[in-house]
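So this block is query04.cif, mmCIF, C-alpha atoms:
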```cif
data_data
#
loop_
_atom_site.label_atom_id
_atom_site.label_comp_id
_atom_site.auth_asym_id
_atom_site.auth_seq_id
_atom_site.Cartn_x
_atom_site.Cartn_y
_atom_site.Cartn_z
CA MET A 5 0.00 0.00 0.00
CA ALA A 6 1.35 3.42 -0.95
CA GLY A 7 2.01 5.92 1.80
CA PRO A 8 0.94 9.55 1.94
CA LYS A 9 2.45 11.89 -0.62
CA VAL A 10 3.82 15.39 -0.32
CA GLU A 11 4.53 17.78 -3.18
CA LEU A 12 7.24 20.41 -2.95
CA ASP A 13 7.00 23.20 -5.54
CA VAL A 14 10.48 24.66 -6.01
CA GLU A 15 11.65 27.91 -7.60
CA GLN A 16 14.93 29.77 -7.97
CA SER A 17 15.11 33.53 -8.58
CA GLY A 18 11.38 33.48 -9.27
CA GLU A 19 11.72 30.80 -11.98
CA ASP A 20 9.74 27.59 -11.51
CA LEU A 21 12.09 24.60 -11.19
CA GLY A 22 9.24 22.10 -10.92
CA THR A 23 7.67 19.81 -8.36
CA ILE A 24 9.22 17.07 -6.23
CA THR A 25 6.76 14.39 -5.15
CA LEU A 26 7.65 12.43 -2.03
CA GLU A 27 6.01 9.18 -0.94
CA LEU A 28 6.29 8.80 2.81
CA ASP A 29 6.56 5.50 4.72
CA PRO A 30 4.47 5.69 7.92
CA GLU A 31 4.69 1.92 8.41
CA ASN A 32 8.47 2.00 8.92
CA ALA A 33 8.90 5.54 10.26
CA PRO A 34 5.59 6.50 11.92
CA ARG A 35 6.85 9.25 14.26
CA THR A 36 9.08 10.79 11.61
CA VAL A 37 6.31 10.84 8.99
CA GLU A 38 3.89 12.35 11.52
CA ASN A 39 6.51 15.01 12.37
CA PHE A 40 7.18 15.86 8.70
CA LEU A 41 3.47 16.06 7.86
CA ARG A 42 2.91 18.35 10.84
CA TYR A 43 5.42 20.82 9.41
CA VAL A 44 3.87 20.48 5.93
CA ASN A 45 0.34 21.04 7.24
CA ASP A 46 1.49 23.99 9.39
CA GLY A 47 2.85 25.68 6.22
CA PHE A 48 6.29 25.72 7.84
CA TYR A 49 8.23 24.75 4.69
CA GLU A 50 6.75 27.45 2.45
CA GLY A 51 9.46 29.99 1.73
CA THR A 52 12.27 27.88 3.15
CA ILE A 53 15.37 27.24 1.06
CA PHE A 54 17.61 24.36 0.14
CA HIS A 55 20.45 25.77 2.24
CA ARG A 56 23.01 22.99 1.89
CA VAL A 57 23.91 21.33 -1.40
CA ILE A 58 26.71 18.82 -1.85
CA PRO A 59 26.42 17.48 -5.42
CA THR A 60 27.97 14.07 -4.67
CA PHE A 61 26.01 13.57 -1.45
CA MET A 62 22.66 15.30 -0.79
CA ILE A 63 20.48 18.43 -0.92
CA GLN A 64 19.21 19.72 2.43
CA GLY A 65 16.32 22.00 3.27
CA GLY A 66 13.57 22.75 5.72
CA GLY A 67 15.19 25.06 8.23
CA TYR A 68 16.17 28.42 6.72
CA LYS A 69 14.34 31.32 5.04
CA LYS A 70 17.67 32.61 3.67
CA PRO A 71 21.31 31.73 4.31
CA GLY A 72 22.13 32.13 7.99
CA VAL A 73 18.52 32.95 9.00
CA SER A 74 17.03 29.84 10.62
CA ARG A 75 13.42 29.18 11.56
CA ALA A 76 14.54 27.81 14.96
CA LYS A 77 11.89 29.71 16.94
CA ASP A 78 9.09 27.90 15.05
CA LEU A 79 10.30 24.34 15.69
CA HIS A 80 8.41 21.54 17.41
CA GLU A 81 10.10 19.14 19.84
CA PRO A 82 12.70 16.82 18.24
CA VAL A 83 11.51 13.42 17.06
CA GLU A 84 12.95 10.11 18.24
CA ASN A 85 15.39 8.64 15.71
CA GLU A 86 13.79 5.76 13.78
CA ALA A 87 16.84 4.95 11.63
CA ALA A 88 16.72 1.26 12.63
CA ASN A 89 13.62 0.84 10.43
CA GLY A 90 15.34 -1.03 7.58
CA LEU A 91 15.07 1.84 5.07
CA THR A 92 18.36 2.95 3.54
CA ASN A 93 19.97 6.19 2.35
CA VAL A 94 19.95 5.44 -1.37
CA THR A 95 19.60 7.91 -4.23
CA GLY A 96 16.18 9.55 -4.02
CA ALA A 97 15.52 8.62 -0.38
CA ILE A 98 14.44 11.43 1.96
CA ALA A 99 15.86 11.40 5.49
CA MET A 100 15.86 13.62 8.55
CA ALA A 101 18.82 15.90 9.15
CA ARG A 102 20.04 16.17 12.73
CA THR A 103 22.94 17.30 14.87
CA SER A 104 25.41 14.94 16.55
CA ASP A 105 22.57 14.19 19.00
CA ALA A 106 20.86 11.16 17.44
CA HIS A 107 17.43 12.32 18.62
CA SER A 108 17.63 15.97 17.55
CA ALA A 109 15.76 15.93 14.19
CA THR A 110 13.08 18.61 13.89
CA SER A 111 12.20 20.20 10.52
CA GLN A 112 15.32 19.79 8.40
CA PHE A 113 15.46 17.00 5.86
CA PHE A 114 17.71 15.91 3.02
CA ILE A 115 17.28 14.07 -0.24
CA ASN A 116 20.11 11.70 -1.09
CA VAL A 117 21.62 12.30 -4.54
CA ALA A 118 23.93 9.29 -4.15
CA ASP A 119 23.86 6.00 -2.29
CA ASN A 120 25.06 6.96 1.20
CA ALA A 121 25.32 3.65 3.07
CA PHE A 122 27.50 5.26 5.76
CA LEU A 123 24.38 7.13 6.96
CA ASN A 124 22.37 3.95 7.51
CA HIS A 125 21.70 2.49 10.95
CA PRO A 126 23.81 1.96 13.00
CA GLY A 127 26.11 4.53 11.38
CA ASN A 128 29.27 5.76 13.05
CA ASP A 129 27.39 6.86 16.16
CA GLY A 130 25.18 3.80 16.71
CA TRP A 131 22.12 5.47 15.16
CA GLY A 132 22.43 6.67 11.58
CA TYR A 133 19.97 8.98 9.78
CA CYS A 134 16.29 8.08 9.52
CA VAL A 135 14.94 7.52 6.01
CA PHE A 136 11.18 8.08 5.94
CA GLY A 137 10.29 8.13 2.25
CA LYS A 138 11.45 8.55 -1.32
CA VAL A 139 11.14 10.77 -4.35
CA THR A 140 8.59 9.27 -6.74
CA HIS A 141 8.51 12.15 -9.21
CA GLY A 142 10.76 15.12 -9.81
CA MET A 143 14.27 13.68 -9.66
CA ASP A 144 14.96 16.10 -12.53
CA VAL A 145 14.21 18.93 -10.07
CA VAL A 146 16.50 17.32 -7.49
CA GLU A 147 19.18 17.15 -10.19
CA ARG A 148 18.79 20.86 -10.97
CA ILE A 149 19.14 21.68 -7.27
CA ARG A 150 22.16 19.37 -6.99
CA LYS A 151 23.89 21.37 -9.74
CA VAL A 152 23.39 24.89 -8.31
CA GLU A 153 26.47 27.01 -7.73
CA THR A 154 27.68 26.87 -4.14
CA ALA A 155 30.08 28.89 -2.01
CA SER A 156 31.63 28.57 1.42
CA ASN A 157 29.12 27.67 4.12
CA PRO A 158 30.48 29.25 7.34
CA GLU A 159 28.16 27.21 9.60
CA MET A 160 29.30 23.90 8.14
CA GLY A 161 32.90 24.69 7.18
CA GLU A 162 32.42 23.38 3.64
CA ASP A 163 31.55 24.56 0.14
CA SER A 164 27.80 23.84 0.27
CA GLN A 165 25.84 27.09 0.55
CA PRO A 166 23.91 27.86 -2.64
CA VAL A 167 24.79 31.26 -4.10
CA ASP A 168 21.17 31.57 -5.31
CA PRO A 169 19.23 29.17 -3.05
CA PRO A 170 16.30 27.20 -4.45
CA VAL A 171 13.11 27.99 -2.50
CA ILE A 172 10.22 25.72 -1.52
CA LYS A 173 7.37 27.97 -2.60
CA ALA A 174 4.71 25.46 -1.55
CA ALA A 175 4.56 22.15 0.32
CA ARG A 176 1.32 20.20 0.43
CA ALA A 177 0.15 16.78 1.54
CA MET A 178 -1.87 14.89 -1.04
#
```
Would you give me this structure, written as structure tokens?
Amino acid sequence: MAGPKVELDVEQSGEDLGTITLELDPENAPRTVENFLRYVNDGFYEGTIFHRVIPTFMIQGGGYKKPGVSRAKDLHEPVENEAANGLTNVTGAIAMARTSDAHSATSQFFINVADNAFLNHPGNDGWGYCVFGKVTHGMDVVERIRKVETASNPEMGEDSQPVDPPVIKAARAM
């Protein structure tokens, strides 16, 4: 049985990049899916950017309105890490971003643009990163985001901050 779907309409500099359709997996990641859908239904993701792009790794969004300006004050409590659910960080999988605290995921997510087995449970820290769905349509949009020009990201100490960040103009559950 197919899980709930979410559409992310993405633009860059006012130009429509297209729609990414995600199919979520509430059977294997119930708390994570509930958390993600809560942010979608609250309208939290609208106007947020893909703030971290590493073209051989992943694209990350869901936490910033513009570079360096987080939405931290609007966050819900962190969700318990469900990375031991058997889902893996393969190309097109969506997973929760977190800090070094395994149970710190809130709104930020990433879409894998490569197979990233090192992020799977148990990972280097005994937990890994929780996959909770996959892209079912719009990998061409993910590819366009993956190829955006990036510059130094002072928060992360890497070259991953989009010069012209792609924006989630709408996020809706279907």
Result set of the PyMOL selection byres ((chain A and resi 24) around 6) on the coordinates above, as a list in words
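With the shown file as input, the PyMOL selection byres ((chain A and resi 24) around 6) matches Glu11, Leu12, Thr23, Thr25, His141 and Gly142 of chain A.
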Pull out every residue that the PyMOL selection byres ((chain A and resi 89-99) around 6) matches in the shown coordinates and put them as a ChimeraX atom specification.
/A:32,86-88,100,113-121,124,134-139
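The coordinates place atom CA of Val83 of chain A at 14.0 Å from atom CA of Gly132 of chain A.
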Show me, as a VMD selection string, the residues that have an atom within 7 Å of Ala177 of chain A when counting only C-alpha atoms, minus same-chain residues fewer than 4 positions from it.
chain A and resid 9 to 11 44
Leu41 of chain A: which residues within 12 Å, counting only C-alpha atoms, same-chain residues fewer than 4 positions away excluded, as number ranges by chain?
A: 7-11, 26-30, 34-37, 45-49, 110-111, 136-137, 175-178
What residues come out when you apply the PyMOL selection byres ((chain A and resi 51) around 7) to this file, written as a PyMOL selection string?
chain A and resi 49-50+52-53+69+171-173
So which one's closest to Glu38 of chain A, A:Gly67, A:Pro59, A:Pro82, A:Gly22? Using only C-alpha atoms, please.
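Checking each of A:Gly67, A:Pro59, A:Pro82, A:Gly22 against Glu38 of chain A, counting only C-alpha atoms, the winner is A:Pro82.
For the set A:Glu153, A:Asp105, A:Asp168, A:Asp20, the residue with the smallest atom-to-atom gap to Pro71 of chain A is A:Asp168, counting all atoms listed in the file.
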Could you add the missing atoms to segment 64-78 of chain A, up to N, CA and C atoms, and return them as a PDB file, in the coordinates of the input?
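The result, written out as result.pdb:
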```
ATOM      1  N   GLN A  64      19.854  19.602   1.122  1.00  0.00           N
ATOM      2  CA  GLN A  64      19.210  19.720   2.430  1.00  0.00           C
ATOM      3  C   GLN A  64      18.386  20.990   2.514  1.00  0.00           C
ATOM      4  N   GLY A  65      17.206  20.865   3.107  1.00  0.00           N
ATOM      5  CA  GLY A  65      16.320  22.000   3.270  1.00  0.00           C
ATOM      6  C   GLY A  65      15.493  21.888   4.531  1.00  0.00           C
ATOM      7  N   GLY A  66      14.544  22.829   4.643  1.00  0.00           N
ATOM      8  CA  GLY A  66      13.570  22.750   5.720  1.00  0.00           C
ATOM      9  C   GLY A  66      13.891  23.489   6.995  1.00  0.00           C
ATOM     10  N   GLY A  67      14.868  24.390   6.978  1.00  0.00           N
ATOM     11  CA  GLY A  67      15.190  25.060   8.230  1.00  0.00           C
ATOM     12  C   GLY A  67      15.538  26.532   8.120  1.00  0.00           C
ATOM     13  N   TYR A  68      15.710  27.042   6.903  1.00  0.00           N
ATOM     14  CA  TYR A  68      16.170  28.420   6.720  1.00  0.00           C
ATOM     15  C   TYR A  68      15.298  29.158   5.715  1.00  0.00           C
ATOM     16  N   LYS A  69      15.046  30.433   5.978  1.00  0.00           N
ATOM     17  CA  LYS A  69      14.340  31.320   5.040  1.00  0.00           C
ATOM     18  C   LYS A  69      15.328  31.938   4.049  1.00  0.00           C
ATOM     19  N   LYS A  70      16.568  32.169   4.512  1.00  0.00           N
ATOM     20  CA  LYS A  70      17.670  32.610   3.670  1.00  0.00           C
ATOM     21  C   LYS A  70      18.946  32.194   4.378  1.00  0.00           C
ATOM     22  N   PRO A  71      20.081  32.195   3.677  1.00  0.00           N
ATOM     23  CA  PRO A  71      21.310  31.730   4.310  1.00  0.00           C
ATOM     24  C   PRO A  71      21.574  32.422   5.656  1.00  0.00           C
ATOM     25  N   GLY A  72      21.814  31.613   6.674  1.00  0.00           N
ATOM     26  CA  GLY A  72      22.130  32.130   7.990  1.00  0.00           C
ATOM     27  C   GLY A  72      20.940  32.584   8.818  1.00  0.00           C
ATOM     28  N   VAL A  73      19.715  32.524   8.265  1.00  0.00           N
ATOM     29  CA  VAL A  73      18.520  32.950   9.000  1.00  0.00           C
ATOM     30  C   VAL A  73      17.617  31.728   9.199  1.00  0.00           C
ATOM     31  N   SER A  74      17.767  31.074  10.364  1.00  0.00           N
ATOM     32  CA  SER A  74      17.030  29.840  10.620  1.00  0.00           C
ATOM     33  C   SER A  74      15.620  30.126  11.117  1.00  0.00           C
ATOM     34  N   ARG A  75      14.795  29.111  11.054  1.00  0.00           N
ATOM     35  CA  ARG A  75      13.420  29.180  11.560  1.00  0.00           C
ATOM     36  C   ARG A  75      13.360  28.501  12.926  1.00  0.00           C
ATOM     37  N   ALA A  76      14.425  28.537  13.697  1.00  0.00           N
ATOM     38  CA  ALA A  76      14.540  27.810  14.960  1.00  0.00           C
ATOM     39  C   ALA A  76      13.413  28.119  15.939  1.00  0.00           C
ATOM     40  N   LYS A  77      12.930  29.348  15.958  1.00  0.00           N
ATOM     41  CA  LYS A  77      11.890  29.710  16.940  1.00  0.00           C
ATOM     42  C   LYS A  77      10.548  29.033  16.635  1.00  0.00           C
ATOM     43  N   ASP A  78      10.354  28.523  15.447  1.00  0.00           N
ATOM     44  CA  ASP A  78       9.090  27.900  15.050  1.00  0.00           C
ATOM     45  C   ASP A  78       9.117  26.378  15.095  1.00  0.00           C
TER      46      ASP A  78
END
```
